[in-house]
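run.pdb (PDB, C-alpha atoms)
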ATOM      1  CA  MET A 208      65.301  88.012 206.212
ATOM      2  CA  GLU A 209      67.319  90.904 204.800
ATOM      3  CA  GLN A 210      70.024  88.572 203.498
ATOM      4  CA  ALA A 211      67.487  86.125 202.077
ATOM      5  CA  LEU A 212      65.741  88.920 200.173
ATOM      6  CA  LEU A 213      69.032  90.303 198.877
ATOM      7  CA  SER A 214      70.275  86.923 197.667
ATOM      8  CA  PHE A 215      66.880  86.346 195.981
ATOM      9  CA  ALA A 216      67.230  89.750 194.258
ATOM     10  CA  HIS A 217      70.808  88.996 193.173
ATOM     11  CA  THR A 218      70.209  85.480 191.858
ATOM     12  CA  THR A 219      67.099  86.493 189.900
ATOM     13  CA  GLY A 220      68.700  89.607 188.377
ATOM     14  CA  ILE A 221      66.131  91.839 190.113
ATOM     15  CA  TYR A 222      68.857  93.711 191.999
ATOM     16  CA  ALA A 223      70.838  94.534 188.845
ATOM     17  CA  PHE A 224      67.690  95.677 187.023
ATOM     18  CA  MET A 225      66.349  97.782 189.909
ATOM     19  CA  HIS A 226      69.687  99.500 190.436
ATOM     20  CA  SER A 227      70.110 100.290 186.746
ATOM     21  CA  ALA A 228      69.397 103.853 185.607
ATOM     22  CA  TRP A 229      65.778 103.117 184.586
ATOM     23  CA  GLY A 230      64.851 100.223 186.874
ATOM     24  CA  TRP A 231      63.600 101.992 189.991
ATOM     25  CA  PRO A 232      61.560 104.775 188.290
ATOM     26  CA  VAL A 233      60.015 102.330 185.769
ATOM     27  CA  VAL A 234      58.791 100.062 188.572
ATOM     28  CA  GLU A 235      57.618 103.135 190.551
ATOM     29  CA  SER A 236      55.597 104.201 187.510
ATOM     30  CA  LEU A 237      53.966 100.746 187.465
ATOM     31  CA  HIS A 238      53.305 101.026 191.215
ATOM     32  CA  PHE A 239      51.589 104.425 190.738
ATOM     33  CA  THR A 240      49.532 103.111 187.801
ATOM     34  CA  GLY A 241      48.350 100.227 190.001
ATOM     35  CA  LEU A 242      47.482 102.764 192.708
ATOM     36  CA  CYS A 243      45.420 104.775 190.198
ATOM     37  CA  LEU A 244      43.515 101.645 189.111
ATOM     38  CA  LEU A 245      42.778 100.821 192.753
ATOM     39  CA  ILE A 246      41.578 104.344 193.624
ATOM     40  CA  GLY A 247      39.691 104.723 190.336
ATOM     41  CA  THR A 248      37.684 101.528 190.960
ATOM     42  CA  VAL A 249      37.626 100.415 194.615
ATOM     43  CA  GLY A 250      38.000 104.023 195.843
ATOM     44  CA  VAL A 251      35.178 105.225 193.592
ATOM     45  CA  PHE A 252      32.993 102.245 194.624
ATOM     46  CA  ASP A 253      33.593 103.230 198.271
ATOM     47  CA  LEU A 254      32.752 106.865 197.492
ATOM     48  CA  ARG A 255      29.523 105.752 195.776
ATOM     49  CA  LEU A 256      28.495 103.719 198.852
ATOM     50  CA  LEU A 257      29.224 106.806 200.952
ATOM     51  CA  GLY A 258      26.785 108.818 198.847
ATOM     52  CA  LEU A 259      28.809 110.307 195.985
ATOM     53  CA  ALA A 260      27.341 110.172 192.432
ATOM     54  CA  PRO A 261      24.032 108.605 193.568
ATOM     55  CA  GLY A 262      22.911 108.329 189.925
ATOM     56  CA  VAL A 263      25.505 105.643 189.125
ATOM     57  CA  PRO A 264      24.151 102.099 189.719
ATOM     58  CA  ILE A 265      26.052 100.356 192.522
ATOM     59  CA  ASP A 266      26.325  97.075 190.636
ATOM     60  CA  ALA A 267      27.871  98.812 187.583
ATOM     61  CA  LEU A 268      30.660 100.135 189.808
ATOM     62  CA  HIS A 269      30.972  96.826 191.635
ATOM     63  CA  ARG A 270      31.837  95.179 188.308
ATOM     64  CA  LEU A 271      34.945  97.399 188.163
ATOM     65  CA  VAL A 272      36.379  95.975 191.386
ATOM     66  CA  PRO A 273      38.337  93.233 189.484
ATOM     67  CA  LEU A 274      40.258  96.064 187.737
ATOM     68  CA  GLY A 275      41.200  97.400 191.163
ATOM     69  CA  VAL A 276      42.275  93.913 192.226
ATOM     70  CA  ALA A 277      44.433  93.772 189.072
ATOM     71  CA  GLY A 278      45.981  97.109 190.124
ATOM     72  CA  PHE A 279      46.614  95.697 193.602
ATOM     73  CA  ILE A 280      48.317  92.596 192.159
ATOM     74  CA  VAL A 281      50.551  94.836 189.986
ATOM     75  CA  ASN A 282      51.471  96.698 193.174
ATOM     76  CA  VAL A 283      52.229  93.545 195.162
ATOM     77  CA  PHE A 284      54.673  92.400 192.471
ATOM     78  CA  SER A 285      56.226  95.834 191.958
ATOM     79  CA  GLY A 286      56.380  96.228 195.746
ATOM     80  CA  ILE A 287      58.284  92.934 196.040
ATOM     81  CA  LEU A 288      60.836  94.290 193.539
ATOM     82  CA  PHE A 289      61.411  97.363 195.765
ATOM     83  CA  LEU A 290      61.583  95.292 198.940
ATOM     84  CA  ALA A 291      64.010  92.712 197.527
ATOM     85  CA  SER A 292      66.296  95.369 196.030
ATOM     86  CA  ALA A 293      66.676  97.524 199.163
ATOM     87  CA  PRO A 294      65.379  95.449 202.098
ATOM     88  CA  ASP A 295      67.100  97.657 204.711
ATOM     89  CA  GLN A 296      65.034 100.622 203.496
ATOM     90  CA  TYR A 297      61.800  98.745 204.151
ATOM     91  CA  LEU A 298      62.055  95.987 206.769
ATOM     92  CA  TYR A 299      63.050  98.258 209.666
ATOM     93  CA  ASN A 300      60.998 101.231 208.490
ATOM     94  CA  PRO A 301      57.895 101.906 210.656
ATOM     95  CA  ALA A 302      56.156 103.465 207.625
ATOM     96  CA  PHE A 303      56.523 100.171 205.700
ATOM     97  CA  GLN A 304      55.411  98.122 208.713
ATOM     98  CA  SER A 305      52.381 100.419 209.110
ATOM     99  CA  LYS A 306      51.627 100.100 205.403
ATOM    100  CA  LEU A 307      51.560  96.275 205.613
ATOM    101  CA  LEU A 308      49.343  96.467 208.704
ATOM    102  CA  VAL A 309      46.866  98.818 207.016
ATOM    103  CA  ILE A 310      46.797  96.641 203.857
ATOM    104  CA  THR A 311      45.951  93.674 206.119
ATOM    105  CA  LEU A 312      43.173  95.710 207.771
ATOM    106  CA  ALA A 313      41.829  96.659 204.320
ATOM    107  CA  GLY A 314      41.850  92.944 203.393
ATOM    108  CA  ILE A 315      39.971  91.936 206.562
ATOM    109  CA  ASN A 316      37.488  94.768 205.972
ATOM    110  CA  MET A 317      36.953  93.511 202.407
ATOM    111  CA  LEU A 318      36.302  89.936 203.624
ATOM    112  CA  LEU A 319      33.823  91.252 206.207
ATOM    113  CA  PHE A 320      32.187  93.389 203.524
ATOM    114  CA  TYR A 321      31.516  90.343 201.348
ATOM    115  CA  ARG A 322      30.291  88.272 204.307
ATOM    116  CA  ILE A 323      28.152  90.869 206.071
ATOM    117  CA  ALA A 324      27.352  93.914 203.993
ATOM    118  CA  ASN A 325      27.337  92.714 200.399
ATOM    119  CA  PRO A 326      24.420  90.248 200.624
ATOM    120  CA  SER A 327      22.086  92.957 201.917
ATOM    121  CA  LEU A 328      23.642  95.429 199.450
ATOM    122  CA  ALA A 329      22.806  93.073 196.578
ATOM    123  CA  ALA A 330      19.177  93.192 197.716
ATOM    124  CA  THR A 331      19.291  97.009 197.630
ATOM    125  CA  GLU A 332      17.963  98.480 194.418
ATOM    126  CA  ALA A 333      20.593 100.007 192.145
ATOM    127  CA  HIS A 334      19.787 103.516 193.382
ATOM    128  CA  GLY A 335      18.330 102.580 196.776
ATOM    129  CA  VAL A 336      19.558 103.598 200.217
ATOM    130  CA  VAL A 337      22.837 101.886 201.104
ATOM    131  CA  ASN A 338      22.689 100.019 204.421
ATOM    132  CA  PRO A 339      24.728 101.453 207.331
ATOM    133  CA  ALA A 340      27.070  98.425 207.558
ATOM    134  CA  ALA A 341      28.067  98.831 203.909
ATOM    135  CA  ARG A 342      28.595 102.564 204.435
ATOM    136  CA  ILE A 343      30.819 102.013 207.471
ATOM    137  CA  MET A 344      32.895  99.402 205.640
ATOM    138  CA  ALA A 345      33.176 101.659 202.582
ATOM    139  CA  GLY A 346      34.438 104.446 204.863
ATOM    140  CA  LEU A 347      36.935 102.047 206.458
ATOM    141  CA  SER A 348      38.087 100.784 203.064
ATOM    142  CA  LEU A 349      38.624 104.306 201.725
ATOM    143  CA  SER A 350      40.452 105.375 204.915
ATOM    144  CA  CYS A 351      42.694 102.302 204.706
ATOM    145  CA  TRP A 352      43.689 102.953 201.074
ATOM    146  CA  VAL A 353      44.350 106.636 201.794
ATOM    147  CA  LEU A 354      46.536 105.590 204.744
ATOM    148  CA  VAL A 355      48.339 103.028 202.554
ATOM    149  CA  ILE A 356      49.253 105.843 200.132
ATOM    150  CA  VAL A 357      50.344 108.122 203.000
ATOM    151  CA  CYS A 358      52.539 105.338 204.455
ATOM    152  CA  GLY A 359      53.914 104.559 200.992
ATOM    153  CA  ARG A 360      55.031 108.164 200.545
ATOM    154  CA  LEU A 361      56.425 108.224 204.096
ATOM    155  CA  ILE A 362      58.669 105.210 203.365
ATOM    156  CA  THR A 363      60.921 107.181 201.049
ATOM    157  CA  TYR A 364      60.283 110.677 202.402
ATOM    158  CA  TYR A 365      63.119 110.042 204.830
ATOM    159  CA  ARG A 366      66.182 108.090 203.717
ATOM    160  CA  PRO A 367      67.941 105.504 205.906
ATOM    161  CA  PRO A 368      69.206 105.814 208.601
ATOM    162  CA  TYR A 369      66.431 108.383 209.141
ATOM    163  CA  HIS A 370      62.817 107.286 209.099
ATOM    164  CA  TRP A 371      59.362 108.418 210.162
ATOM    165  CA  CYS A 372      58.102 106.929 213.404
ATOM    166  CA  LEU A 373      55.059 107.964 215.403
ATOM    167  CA  TRP A 374      55.765 105.744 218.399
ATOM    168  CA  CYS A 375      59.597 105.521 218.590
TER     169      CYS A 375
ATOM    170  CA  MET B 181      65.343 132.447 183.189
ATOM    171  CA  MET B 182      67.520 130.984 185.960
ATOM    172  CA  ALA B 183      67.660 134.386 187.646
ATOM    173  CA  ILE B 184      63.846 134.546 187.734
ATOM    174  CA  LEU B 185      63.625 131.016 189.143
ATOM    175  CA  ALA B 186      66.265 131.892 191.743
ATOM    176  CA  ARG B 187      64.253 134.965 192.782
ATOM    177  CA  LEU B 188      61.111 132.861 193.106
ATOM    178  CA  GLU B 189      62.956 130.333 195.270
ATOM    179  CA  VAL B 190      64.012 132.941 197.817
ATOM    180  CA  THR B 191      60.510 134.360 198.287
ATOM    181  CA  GLY B 192      59.054 133.722 201.721
ATOM    182  CA  PHE B 193      56.250 131.584 200.258
ATOM    183  CA  SER B 194      58.618 129.248 198.380
ATOM    184  CA  ILE B 195      60.844 128.867 201.438
ATOM    185  CA  TRP B 196      57.788 128.242 203.646
ATOM    186  CA  ILE B 197      56.574 125.369 201.418
ATOM    187  CA  ARG B 198      60.077 123.908 201.043
ATOM    188  CA  GLU B 199      61.115 124.081 204.659
ATOM    189  CA  THR B 200      57.846 123.444 206.519
ATOM    190  CA  GLY B 201      57.756 119.657 206.765
ATOM    191  CA  TRP B 202      53.998 119.209 206.925
ATOM    192  CA  VAL B 203      53.305 121.652 204.090
ATOM    193  CA  PHE B 204      55.700 119.970 201.663
ATOM    194  CA  PHE B 205      54.742 116.443 202.698
ATOM    195  CA  GLY B 206      51.048 117.412 202.710
ATOM    196  CA  SER B 207      51.394 118.688 199.132
ATOM    197  CA  LEU B 208      53.076 115.417 198.086
ATOM    198  CA  ILE B 209      50.306 113.353 199.702
ATOM    199  CA  LEU B 210      47.527 115.503 198.260
ATOM    200  CA  HIS B 211      49.149 115.239 194.810
ATOM    201  CA  SER B 212      49.335 111.413 195.083
ATOM    202  CA  LEU B 213      45.735 111.028 196.302
ATOM    203  CA  ALA B 214      44.257 113.498 193.820
ATOM    204  CA  LEU B 215      46.179 112.039 190.873
ATOM    205  CA  GLY B 216      45.004 108.592 191.922
ATOM    206  CA  LEU B 217      41.420 109.851 191.721
ATOM    207  CA  VAL B 218      41.803 111.763 188.432
ATOM    208  CA  VAL B 219      43.928 109.226 186.559
ATOM    209  CA  GLY B 220      42.020 106.306 188.104
ATOM    210  CA  ILE B 221      38.624 107.576 186.932
ATOM    211  CA  CYS B 222      40.027 108.609 183.535
ATOM    212  CA  LEU B 223      41.555 105.125 183.081
ATOM    213  CA  VAL B 224      38.116 103.656 183.826
ATOM    214  CA  LEU B 225      36.399 106.084 181.386
ATOM    215  CA  ASN B 226      38.784 104.965 178.628
ATOM    216  CA  LEU B 227      38.471 101.303 179.626
ATOM    217  CA  LYS B 228      34.721 101.720 179.202
ATOM    218  CA  ILE B 229      35.275 102.496 175.524
ATOM    219  CA  LEU B 230      37.906  99.747 175.199
ATOM    220  CA  GLY B 231      35.694  97.090 176.794
ATOM    221  CA  PRO B 232      36.615  96.050 180.344
ATOM    222  CA  ALA B 233      34.356  98.677 181.965
ATOM    223  CA  ALA B 234      31.672  98.596 179.256
ATOM    224  CA  ARG B 235      28.817  97.845 181.635
ATOM    225  CA  ILE B 236      28.589 101.332 183.135
ATOM    226  CA  PRO B 237      25.585 102.893 181.341
ATOM    227  CA  ASP B 238      26.536 105.870 179.128
ATOM    228  CA  LYS B 239      24.083 108.231 180.843
ATOM    229  CA  HIS B 240      25.885 107.796 184.170
ATOM    230  CA  LEU B 241      29.340 108.716 182.905
ATOM    231  CA  ALA B 242      28.552 112.402 183.519
ATOM    232  CA  ASP B 243      28.273 111.703 187.261
ATOM    233  CA  PHE B 244      32.008 111.018 187.332
ATOM    234  CA  LEU B 245      33.034 114.291 185.733
ATOM    235  CA  PRO B 246      32.572 116.561 188.807
ATOM    236  CA  VAL B 247      34.860 114.172 190.746
ATOM    237  CA  VAL B 248      37.455 114.407 187.971
ATOM    238  CA  TRP B 249      37.261 118.221 188.064
ATOM    239  CA  LEU B 250      37.522 118.313 191.866
ATOM    240  CA  GLY B 251      40.520 115.971 191.683
ATOM    241  CA  LEU B 252      42.089 118.126 188.965
ATOM    242  CA  ILE B 253      41.753 121.267 191.098
ATOM    243  CA  LEU B 254      43.552 119.442 193.945
ATOM    244  CA  VAL B 255      46.222 118.080 191.555
ATOM    245  CA  VAL B 256      46.931 121.554 190.156
ATOM    246  CA  LEU B 257      46.867 123.160 193.620
ATOM    247  CA  SER B 258      49.257 120.613 195.186
ATOM    248  CA  GLY B 259      51.393 120.473 192.028
ATOM    249  CA  GLY B 260      51.550 124.270 192.037
ATOM    250  CA  LEU B 261      52.852 124.276 195.627
ATOM    251  CA  LEU B 262      55.496 121.657 194.744
ATOM    252  CA  LEU B 263      56.475 123.716 191.695
ATOM    253  CA  ILE B 264      56.801 126.944 193.702
ATOM    254  CA  ALA B 265      58.931 125.082 196.285
ATOM    255  CA  TYR B 266      61.404 123.810 193.646
ATOM    256  CA  PRO B 267      60.717 125.742 190.412
ATOM    257  CA  ALA B 268      64.116 125.094 188.777
ATOM    258  CA  LYS B 269      63.953 121.369 189.517
ATOM    259  CA  ALA B 270      60.914 121.047 187.251
ATOM    260  CA  LEU B 271      61.232 123.913 184.779
ATOM    261  CA  THR B 272      64.802 123.056 183.735
ATOM    262  CA  ASN B 273      63.839 119.424 183.107
ATOM    263  CA  PRO B 274      62.260 118.454 179.738
ATOM    264  CA  VAL B 275      60.536 115.540 181.513
ATOM    265  CA  PHE B 276      58.308 118.102 183.284
ATOM    266  CA  PHE B 277      57.049 119.370 179.914
ATOM    267  CA  LEU B 278      56.497 115.794 178.732
ATOM    268  CA  LYS B 279      54.385 115.298 181.860
ATOM    269  CA  GLY B 280      52.382 118.502 181.296
ATOM    270  CA  THR B 281      51.792 117.780 177.612
ATOM    271  CA  SER B 282      50.697 114.193 178.202
ATOM    272  CA  VAL B 283      48.321 115.239 181.016
ATOM    273  CA  LEU B 284      46.719 117.934 178.827
ATOM    274  CA  LEU B 285      46.353 115.662 175.786
ATOM    275  CA  ALA B 286      45.101 112.720 177.864
ATOM    276  CA  LEU B 287      42.564 114.947 179.618
ATOM    277  CA  LEU B 288      41.391 116.499 176.356
ATOM    278  CA  ILE B 289      40.837 113.121 174.665
ATOM    279  CA  THR B 290      39.200 111.522 177.727
ATOM    280  CA  LEU B 291      36.797 114.410 178.392
ATOM    281  CA  LYS B 292      35.978 114.923 174.702
ATOM    282  CA  LEU B 293      35.217 111.221 174.174
ATOM    283  CA  THR B 294      33.159 111.027 177.369
ATOM    284  CA  THR B 295      31.121 114.197 176.851
ATOM    285  CA  ARG B 296      30.431 113.336 173.201
ATOM    286  CA  ARG B 297      29.183 109.966 174.284
ATOM    287  CA  ILE B 298      26.790 111.580 176.748
ATOM    288  CA  LEU B 299      25.688 114.769 174.994
ATOM    289  CA  GLN B 300      26.126 114.162 171.267
ATOM    290  CA  PRO B 301      26.193 110.408 170.638
ATOM    291  CA  SER B 302      25.684 111.107 166.911
ATOM    292  CA  THR B 303      29.064 112.898 166.735
ATOM    293  CA  MET B 304      30.883 110.043 168.461
ATOM    294  CA  PRO B 305      33.618 108.683 166.189
ATOM    295  CA  SER B 306      33.173 105.157 164.847
ATOM    296  CA  GLY B 307      33.990 102.235 167.120
ATOM    297  CA  ARG B 308      37.497 101.686 165.801
ATOM    298  CA  ILE B 309      38.535 105.354 165.921
ATOM    299  CA  ALA B 310      37.004 105.774 169.396
ATOM    300  CA  ARG B 311      38.881 102.696 170.637
ATOM    301  CA  THR B 312      42.139 103.956 169.127
ATOM    302  CA  LEU B 313      41.671 107.369 170.783
ATOM    303  CA  ALA B 314      40.821 105.723 174.126
ATOM    304  CA  GLY B 315      43.941 103.542 173.807
ATOM    305  CA  VAL B 316      46.064 106.629 173.071
ATOM    306  CA  ALA B 317      44.564 108.421 176.094
ATOM    307  CA  LEU B 318      45.303 105.389 178.273
ATOM    308  CA  MET B 319      48.952 105.372 177.153
ATOM    309  CA  LEU B 320      49.193 109.151 177.684
ATOM    310  CA  TRP B 321      47.892 108.813 181.262
ATOM    311  CA  ILE B 322      50.493 106.137 181.980
ATOM    312  CA  THR B 323      53.153 108.342 180.327
ATOM    313  CA  SER B 324      52.187 111.245 182.601
ATOM    314  CA  ILE B 325      52.500 109.019 185.696
ATOM    315  CA  ALA B 326      55.875 107.712 184.507
ATOM    316  CA  ALA B 327      57.091 111.246 183.686
ATOM    317  CA  GLY B 328      56.055 112.336 187.190
ATOM    318  CA  ARG B 329      58.125 109.551 188.740
ATOM    319  CA  PHE B 330      61.102 110.162 186.445
ATOM    320  CA  LEU B 331      61.076 113.851 187.493
ATOM    321  CA  ALA B 332      62.443 112.779 190.866
ATOM    322  CA  TYR B 333      65.413 111.044 189.204
ATOM    323  CA  THR B 334      66.254 113.133 186.149
ATOM    324  CA  HIS B 335      66.545 116.726 187.368
ATOM    325  CA  SER B 336      69.932 118.346 186.816
ATOM    326  CA  ILE B 337      69.325 121.416 188.991
ATOM    327  CA  LEU B 338      67.582 121.261 192.353
ATOM    328  CA  LEU B 339      67.765 124.940 193.341
ATOM    329  CA  ALA B 340      68.671 127.776 190.947
ATOM    330  CA  SER B 341      69.448 130.068 193.883
ATOM    331  CA  ARG B 342      72.614 128.039 194.568
ATOM    332  CA  TYR B 343      74.054 129.542 191.385
ATOM    333  CA  TYR B 344      72.888 133.141 191.891
TER     334      TYR B 344
END
Before we go any further, please render this structure as structure tokens.
Amino acid sequence: MEQALLSFAHTTGIYAFMHSAWGWPVVESLHFTGLCLLIGTVGVFDLRLLGLAPGVPIDALHRLVPLGVAGFIVNVFSGILFLASAPDQYLYNPAFQSKLLVITLAGINMLLFYRIANPSLAATEAHGVVNPAARIMAGLSLSCWVLVIVCGRLITYYRPPYHWCLWC
Amino acid sequence: MMAILARLEVTGFSIWIRETGWVFFGSLILHSLALGLVVGICLVLNLKILGPAARIPDKHLADFLPVVWLGLILVVLSGGLLLIAYPAKALTNPVFFLKGTSVLLALLITLKLTTRRILQPSTMPSGRIARTLAGVALMLWITSIAAGRFLAYTHSILLASRYY
């Protein structure tokens, strides 16, 4: 896996770009901008379902979710650039493994939200009381994204061969 | 200047932030989360003027402002702790001042445009000027994020106290 990622990074020129003077921080800046878009849309939508800014119509905020998805896509691509350019820093790092797990949980939670909570939410008036299922899923979503950011910062807080590990 | 920074670095408070793992890491995390909230909402407020978020009714924009202010307090608080931990790292690097200037300008334009839209719609600049200003604010927010990331790579001095 590590070798495959490295040879992909070398043959595509990703490795040379990422290890140039500007490569890593430029892609990190993109990654943080994607994070802001995600928190500013999906995070704020979650906060609204949890009771913050009750004056803002739920459907108006829901229309912003595609911007958050765009931010997430930016982060998947920028994340792949990090992973391919220094796979040893990520693949064996419990913080990275935890981050992928929590992103998966956030994805499952989102699918459940659209299957279970969103239909009844759509029937709720713009300023009506949000149903408990939607509130719980909003809380889970927000917790997941906060954890994703915590894990993301943990990945590089320690440098290989040192890493954070709760269970090792 | 360096002597003052060196004296700040050897205060008990600066050492405590720098050398207590959870305090320093907690400040980093708080800074990331709070900037996500502030910049995220401000990006949306500018995107409302530029088009993609146009469907949020004007009268509801004000509901976002307390969240922006709360986020800003947390950004400044966590940023302040990080600055006290490594004052020379930031204050000897021009990128830090680029970051500060772009945050201030971006905040000023975003809040001014938003509050005018809510409180004094008649004083709102014409569509084209408003869109240009919103575009400038958007670029300034991205510049501030980039400057923040570049800070970690471009500092020439980590601790002034090593020289004094």
Closest-contact table, chain A side, partner chain B, 9 Å, counting only C-alpha atoms, as a tab-separated table:
residue	atom	partner	partner_atom	distance
A:Ala228	CA	B:Tyr333	CA	9.0
A:Trp229	CA	B:Phe330	CA	8.7
A:Pro232	CA	B:Phe330	CA	5.7
A:Val233	CA	B:Ala326	CA	6.9
A:Glu235	CA	B:Arg329	CA	6.7
A:Ser236	CA	B:Ala326	CA	4.6
A:Leu237	CA	B:Ala326	CA	7.8
A:Phe239	CA	B:Ile325	CA	6.9
A:Thr240	CA	B:Ile322	CA	6.6
A:Gly241	CA	B:Gly220	CA	9.0
A:Leu242	CA	B:Gly216	CA	6.4
A:Cys243	CA	B:Gly216	CA	4.2
A:Leu244	CA	B:Gly220	CA	5.0
A:Leu245	CA	B:Gly220	CA	7.2
A:Ile246	CA	B:Gly216	CA	5.7
A:Gly247	CA	B:Gly220	CA	3.6
A:Thr248	CA	B:Gly220	CA	7.1
A:Gly250	CA	B:Leu217	CA	7.9
A:Val251	CA	B:Ile221	CA	7.9
A:Leu259	CA	B:Asp243	CA	8.9
A:Ala260	CA	B:Asp243	CA	5.5
A:Pro261	CA	B:Asp243	CA	8.2
A:Gly262	CA	B:His240	CA	6.5
A:Val263	CA	B:His240	CA	5.4
A:Pro264	CA	B:Ile236	CA	8.0
A:Asp266	CA	B:Ile236	CA	8.9
A:Ala267	CA	B:Ile236	CA	5.2
A:Leu268	CA	B:Ile236	CA	7.1
A:Arg270	CA	B:Ala233	CA	7.7
A:Leu271	CA	B:Ala233	CA	6.4
A:Leu274	CA	B:Pro232	CA	8.2
A:Val353	CA	B:Leu213	CA	7.2
A:Ile356	CA	B:Leu213	CA	7.3
A:Val357	CA	B:Ile209	CA	6.2
A:Arg360	CA	B:Ile209	CA	7.1
A:Leu361	CA	B:Phe205	CA	8.5
A:Tyr364	CA	B:Phe205	CA	8.0
Selected residue of minimal separation from Leu328 (chain A) among A:Ala345, A:Ala216, A:Ile315, A:Val283, counting only C-alpha atoms: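 Nearest to Leu328 (chain A): A:Ala345.
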Axis-aligned box for region 272-282 of chain B, 5 Å per side, centre and edges in Å as JSON:
{"center_x": 57.7, "center_y": 118.6, "center_z": 180.7, "size_x": 24.1, "size_y": 18.9, "size_z": 16.1}
Chain and number of each residue from the PyMOL selection byres ((chain B and resi 280-286) around 7), as a list in words: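 Against this file, the PyMOL selection byres ((chain B and resi 280-286) around 7) returns the residues Phe276, Phe277, Leu278, Lys279, Leu287, Leu288, Ile289, Thr290, Ala317, Leu320, Trp321, Thr323 and Ser324 of chain B.
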I need the chosen residues saved as a compact mmCIF listing (two decimals), keeping the file's coordinate frame, with C-alpha atoms.
# COMPACT_ATOMS: atom_id res chain seq x y z
CA PHE B 276 58.31 118.10 183.28
CA PHE B 277 57.05 119.37 179.91
CA LEU B 278 56.50 115.79 178.73
CA LYS B 279 54.38 115.30 181.86
CA LEU B 287 42.56 114.95 179.62
CA LEU B 288 41.39 116.50 176.36
CA ILE B 289 40.84 113.12 174.66
CA THR B 290 39.20 111.52 177.73
CA ALA B 317 44.56 108.42 176.09
CA LEU B 320 49.19 109.15 177.68
CA TRP B 321 47.89 108.81 181.26
CA THR B 323 53.15 108.34 180.33
CA SER B 324 52.19 111.24 182.60
Explicit residues for the PyMOL selection byres ((chain A and resi 208-211) around 8) (as a ChimeraX atom specification): /A:212-215,294-295,298
For region 193-200 of chain B: contacts at 9 Å, all atoms listed in the file, fewer than 4 positions along chain excluded, given as a list in words: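 Counting all atoms listed in the file, the residues come to Leu188, Glu189, Phe204, Phe205, Ser207, Leu261, Leu262, Leu263, Ile264, Ala265, Tyr266 and Pro267 of chain B.
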Coordinates-based distance that separates CA of Ser348 (chain A) from CA of Ala313 (chain A) (Å, one decimal):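 So the answer is 5.7 Å.
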Shell of 8 Å around Lys269 (chain B), all atoms listed in the file, local chain residues under 6 positions omitted, as a ChimeraX atom specification: /B:335-339
Test item: the PyMOL selection byres ((chain A and resi 324) around 10) resolved as a PyMOL selection string: chain A and resi 317-323+325-329+337-345
Write the residues you've just listed into a file as an mmCIF file, in the coordinates of the input, and include C-alpha atoms for each of them.
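Contents of the output file result-v4.cif:
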data_model
loop_
_atom_site.group_PDB
_atom_site.id
_atom_site.type_symbol
_atom_site.label_atom_id
_atom_site.label_comp_id
_atom_site.auth_asym_id
_atom_site.auth_seq_id
_atom_site.Cartn_x
_atom_site.Cartn_y
_atom_site.Cartn_z
ATOM 1 C CA MET A 317 36.953 93.511 202.407
ATOM 2 C CA LEU A 318 36.302 89.936 203.624
ATOM 3 C CA LEU A 319 33.823 91.252 206.207
ATOM 4 C CA PHE A 320 32.187 93.389 203.524
ATOM 5 C CA TYR A 321 31.516 90.343 201.348
ATOM 6 C CA ARG A 322 30.291 88.272 204.307
ATOM 7 C CA ILE A 323 28.152 90.869 206.071
ATOM 8 C CA ASN A 325 27.337 92.714 200.399
ATOM 9 C CA PRO A 326 24.420 90.248 200.624
ATOM 10 C CA SER A 327 22.086 92.957 201.917
ATOM 11 C CA LEU A 328 23.642 95.429 199.450
ATOM 12 C CA ALA A 329 22.806 93.073 196.578
ATOM 13 C CA VAL A 337 22.837 101.886 201.104
ATOM 14 C CA ASN A 338 22.689 100.019 204.421
ATOM 15 C CA PRO A 339 24.728 101.453 207.331
ATOM 16 C CA ALA A 340 27.070 98.425 207.558
ATOM 17 C CA ALA A 341 28.067 98.831 203.909
ATOM 18 C CA ARG A 342 28.595 102.564 204.435
ATOM 19 C CA ILE A 343 30.819 102.013 207.471
ATOM 20 C CA MET A 344 32.895 99.402 205.640
ATOM 21 C CA ALA A 345 33.176 101.659 202.582
#
Distance of CA of Arg342 (chain B) from CA of Val190 (chain B), expressed in Å to one decimal place: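 One can read the CA of Val190 (chain B) to CA of Arg342 (chain B) distance as 10.4 Å.
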Interatomic distance, CA of Gly231 (chain B) to CA of Leu254 (chain A) (Å, one decimal):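 Pair CA of Gly231 (chain B) / CA of Leu254 (chain A) returns 23.1 Å.
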Option closest in space to Ser285 (chain A), from A:Leu257, A:Met225, A:Leu307, A:Val249 [counting all atoms listed in the file]: A:Met225
